[in-house]
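Colleague: This is work_37.cif, which holds mmCIF, C-alpha atoms:
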```
data_query
#
loop_
_atom_site.group_PDB
_atom_site.id
_atom_site.type_symbol
_atom_site.label_atom_id
_atom_site.label_comp_id
_atom_site.auth_asym_id
_atom_site.auth_seq_id
_atom_site.Cartn_x
_atom_site.Cartn_y
_atom_site.Cartn_z
ATOM 1 C CA MET A 1 -48.382 -167.981 129.870
ATOM 2 C CA GLN A 2 -44.825 -167.058 128.993
ATOM 3 C CA LEU A 3 -42.417 -165.641 131.537
ATOM 4 C CA GLU A 4 -39.841 -163.121 130.421
ATOM 5 C CA ALA A 5 -36.390 -162.999 131.957
ATOM 6 C CA PHE A 6 -36.480 -159.217 132.276
ATOM 7 C CA PRO A 7 -39.992 -157.900 132.428
ATOM 8 C CA GLY A 8 -40.502 -154.523 130.820
ATOM 9 C CA LYS A 9 -37.444 -154.618 128.504
ATOM 10 C CA LYS A 10 -37.701 -155.181 124.792
ATOM 11 C CA ARG A 11 -35.386 -157.635 123.161
ATOM 12 C CA ARG A 12 -33.024 -155.934 120.704
ATOM 13 C CA GLY A 13 -31.360 -157.543 117.700
ATOM 14 C CA ILE A 14 -27.611 -157.874 117.417
ATOM 15 C CA SER A 15 -26.063 -154.944 115.561
ATOM 16 C CA LEU A 16 -23.792 -155.860 112.667
ATOM 17 C CA THR A 17 -22.179 -152.411 112.446
ATOM 18 C CA PRO A 18 -19.162 -153.245 114.685
ATOM 19 C CA LEU A 19 -18.539 -156.456 112.743
ATOM 20 C CA ILE A 20 -18.618 -154.592 109.418
ATOM 21 C CA ASP A 21 -16.239 -151.960 110.857
ATOM 22 C CA VAL A 22 -13.763 -154.642 111.876
ATOM 23 C CA VAL A 23 -13.941 -156.284 108.434
ATOM 24 C CA PHE A 24 -13.267 -152.965 106.688
ATOM 25 C CA ILE A 25 -10.356 -152.179 109.021
ATOM 26 C CA LEU A 26 -8.821 -155.602 108.286
ATOM 27 C CA LEU A 27 -9.369 -155.092 104.566
ATOM 28 C CA LEU A 28 -7.672 -151.696 104.729
ATOM 29 C CA PHE A 29 -4.775 -153.125 106.753
ATOM 30 C CA PHE A 30 -4.112 -155.938 104.282
ATOM 31 C CA MET A 31 -4.420 -153.625 101.277
ATOM 32 C CA LEU A 32 -1.887 -151.201 102.716
ATOM 33 C CA SER A 33 0.550 -153.849 103.901
ATOM 34 C CA SER A 34 0.522 -155.872 100.670
ATOM 35 C CA ASN A 35 3.160 -155.479 98.017
ATOM 36 C CA PHE A 36 2.041 -155.736 94.405
ATOM 37 C CA MET A 37 5.503 -155.502 92.897
ATOM 38 C CA HIS A 38 6.173 -157.708 89.905
ATOM 39 C CA TRP A 39 9.061 -160.039 90.698
ATOM 40 C CA ARG A 40 11.278 -161.339 87.937
ATOM 41 C CA GLN A 41 13.700 -164.193 87.972
ATOM 42 C CA ILE A 42 17.295 -164.162 86.854
ATOM 43 C CA THR A 43 18.678 -167.495 85.783
ATOM 44 C CA LEU A 44 22.028 -168.353 87.300
ATOM 45 C CA SER A 45 23.901 -171.446 86.369
ATOM 46 C CA SER A 46 25.810 -173.372 88.956
ATOM 47 C CA ALA A 47 29.471 -174.144 88.582
ATOM 48 C CA GLU A 48 30.233 -177.268 86.643
ATOM 49 C CA GLN A 49 33.341 -179.332 86.904
ATOM 50 C CA SER A 50 35.165 -179.038 83.657
ATOM 51 C CA GLU A 51 38.690 -179.541 82.550
ATOM 52 C CA GLN A 52 38.341 -176.787 79.998
ATOM 53 C CA THR A 53 39.393 -173.317 80.918
ATOM 54 C CA PRO A 54 37.354 -170.479 79.481
ATOM 55 C CA ASP A 55 38.810 -168.718 76.465
ATOM 56 C CA LYS A 56 38.663 -165.322 78.053
ATOM 57 C CA ILE A 57 37.492 -163.867 81.331
ATOM 58 C CA GLU A 58 36.222 -160.295 81.185
ATOM 59 C CA VAL A 59 36.179 -158.626 84.597
ATOM 60 C CA VAL A 60 33.434 -156.028 84.992
ATOM 61 C CA ARG A 61 33.611 -154.010 88.193
ATOM 62 C CA VAL A 62 30.735 -152.091 89.763
ATOM 63 C CA GLU A 63 32.254 -148.975 91.300
ATOM 64 C CA SER A 64 29.233 -147.261 92.857
ATOM 65 C CA ASP A 65 25.503 -147.477 93.453
ATOM 66 C CA ALA A 66 25.065 -144.636 90.962
ATOM 67 C CA GLY A 67 25.704 -147.178 88.213
ATOM 68 C CA ARG A 68 29.345 -146.558 87.318
ATOM 69 C CA VAL A 69 30.859 -149.716 85.841
ATOM 70 C CA THR A 70 34.458 -150.184 84.715
ATOM 71 C CA HIS A 71 36.007 -152.709 82.368
ATOM 72 C CA ALA A 72 39.625 -152.709 81.175
ATOM 73 C CA GLY A 73 40.133 -149.100 82.226
ATOM 74 C CA LYS A 74 37.002 -147.829 80.479
ATOM 75 C CA SER A 75 34.053 -146.454 82.400
ATOM 76 C CA TYR A 76 30.430 -147.255 81.527
ATOM 77 C CA GLN A 77 27.044 -146.379 82.933
ATOM 78 C CA LEU A 78 24.791 -149.225 84.025
ATOM 79 C CA GLN A 79 21.809 -147.678 82.249
ATOM 80 C CA ASP A 80 23.695 -147.500 78.915
ATOM 81 C CA LEU A 81 22.629 -150.793 77.340
ATOM 82 C CA THR A 82 24.290 -149.996 73.991
ATOM 83 C CA ALA A 83 27.753 -149.735 75.582
ATOM 84 C CA LEU A 84 27.254 -153.014 77.431
ATOM 85 C CA SER A 85 25.936 -154.630 74.239
ATOM 86 C CA ALA A 86 29.087 -153.530 72.404
ATOM 87 C CA LEU A 87 31.196 -154.954 75.233
ATOM 88 C CA VAL A 88 29.417 -158.308 75.016
ATOM 89 C CA ALA A 89 29.413 -158.315 71.201
ATOM 90 C CA ALA A 90 33.209 -157.893 71.170
ATOM 91 C CA ASN A 91 33.625 -161.299 72.788
ATOM 92 C CA PRO A 92 30.306 -163.160 73.168
ATOM 93 C CA GLU A 93 31.862 -166.446 74.317
ATOM 94 C CA ALA A 94 33.789 -164.868 77.192
ATOM 95 C CA VAL A 95 32.931 -165.326 80.827
ATOM 96 C CA PHE A 96 31.911 -161.995 82.337
ATOM 97 C CA ALA A 97 33.054 -161.937 85.957
ATOM 98 C CA VAL A 98 31.283 -159.242 87.962
ATOM 99 C CA GLU A 99 33.018 -157.878 91.026
ATOM 100 C CA ALA A 100 31.837 -155.133 93.328
ATOM 101 C CA ALA A 101 33.509 -152.325 95.179
ATOM 102 C CA PRO A 102 32.829 -152.168 98.918
ATOM 103 C CA ASP A 103 29.457 -150.720 99.977
ATOM 104 C CA VAL A 104 27.766 -151.471 96.654
ATOM 105 C CA LYS A 105 24.200 -152.603 97.196
ATOM 106 C CA THR A 106 23.005 -156.001 96.074
ATOM 107 C CA GLN A 107 20.340 -154.421 93.866
ATOM 108 C CA THR A 108 23.073 -152.704 91.814
ATOM 109 C CA LEU A 109 24.796 -156.066 91.280
ATOM 110 C CA VAL A 110 21.532 -157.693 90.234
ATOM 111 C CA SER A 111 20.867 -154.806 87.836
ATOM 112 C CA LEU A 112 24.282 -155.309 86.217
ATOM 113 C CA LEU A 113 23.694 -159.064 85.900
ATOM 114 C CA ASP A 114 20.334 -158.353 84.296
ATOM 115 C CA GLN A 115 21.824 -155.811 81.875
ATOM 116 C CA LEU A 116 24.579 -158.237 80.845
ATOM 117 C CA HIS A 117 21.981 -160.952 80.174
ATOM 118 C CA ARG A 118 19.933 -158.490 78.119
ATOM 119 C CA ALA A 119 23.063 -157.540 76.175
ATOM 120 C CA GLY A 120 23.501 -161.178 75.185
ATOM 121 C CA ALA A 121 26.088 -162.527 77.629
ATOM 122 C CA LYS A 122 25.617 -166.246 78.114
ATOM 123 C CA LYS A 123 28.223 -166.812 80.822
ATOM 124 C CA VAL A 124 28.079 -164.456 83.781
ATOM 125 C CA SER A 125 29.784 -165.054 87.093
ATOM 126 C CA MET A 126 30.123 -163.134 90.337
ATOM 127 C CA THR A 127 33.374 -162.758 92.199
ATOM 128 C CA GLY A 128 33.891 -161.621 95.774
ATOM 129 C CA VAL A 129 33.783 -158.026 96.929
ATOM 130 C CA LEU A 130 37.230 -156.591 96.446
ATOM 131 C CA PRO A 131 38.686 -153.397 97.961
#
```
Here is the file; what I need is its structure written in the form of structure tokens.

Modeller:
Amino acid sequence: MQLEAFPGKKRRGISLTPLIDVVFILLLFFMLSSNFMHWRQITLSSAEQSEQTPDKIEVVRVESDAGRVTHAGKSYQLQDLTALSALVAANPEAVFAVEAAPDVKTQTLVSLLDQLHRAGAKKVSMTGVLP
């Protein structure tokens, strides 16, 4: 004869519904908090000790986050790749020193570096933020 712990009550199985709810909530949380942005790399070369001085240094200044770039008194737009290509093609062996006006975001500087690399500049440098 078998004794039951609680006479008169039926034994119920464990419900998996709360566990499934928790799994779906976690899945939803991780899907919404994930970032699927494609990250690219920009190659930057470190400074090398050299006794040679560069032939020419071209200073390119980022004036605003809207993409206004100046060089030698001329104004360019950051999105205008043909103008930047012409600038690089005029002196491809020059060092292009990028400086930023105050309050220019880092993303704008990175965009300019990327555009100069796409235009064919091999030597790109960043200078400090100047007023």

Colleague: I need the residue set behind the PyMOL selection byres ((chain A and resi 125) around 8) for this file; please write it as a PyMOL selection string.

Modeller: chain A and resi 95-98+123-124+126-127

Colleague: I'd like the interatomic distance between CA of Leu87 in chain A and CA of Gly73 in chain A, to a tenth of an Å.

Modeller: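 Calculated distance between CA of Leu87 in chain A and CA of Gly73 in chain A is 12.8 Å.
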
Colleague: Using the chain letters and residue numbers of this document, give as an MDAnalysis selection string the residues selected by the PyMOL selection byres ((chain A and resi 101-115) around 12).

Modeller: chainID A and resid 40:44 60:70 76:85 87:88 96:100 116:131

Colleague: Please indicate the distance in Å from CA of Ala72 in chain A to CA of Pro92 in chain A, rounded to one decimal place.

Modeller: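 For CA of Ala72 in chain A relative to CA of Pro92 in chain A, the distance reads 16.1 Å.
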
Colleague: For CA of Phe36 in chain A and CA of Asp21 in chain A, quote the distance in Å rounded to one decimal.

Modeller: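 Computing it gives 24.9 Å between the two atoms.
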
Colleague: Listed atoms of range 88-99 of chain A, axis-aligned box, 6 Å per side: centre and edge lengths to one decimal in Å, as lines of an AutoDock Vina configuration file?

Modeller:
```
center_x = 31.6
center_y = -162.2
center_z = 81.1
size_x = 16.4
size_y = 20.6
size_z = 31.9
```
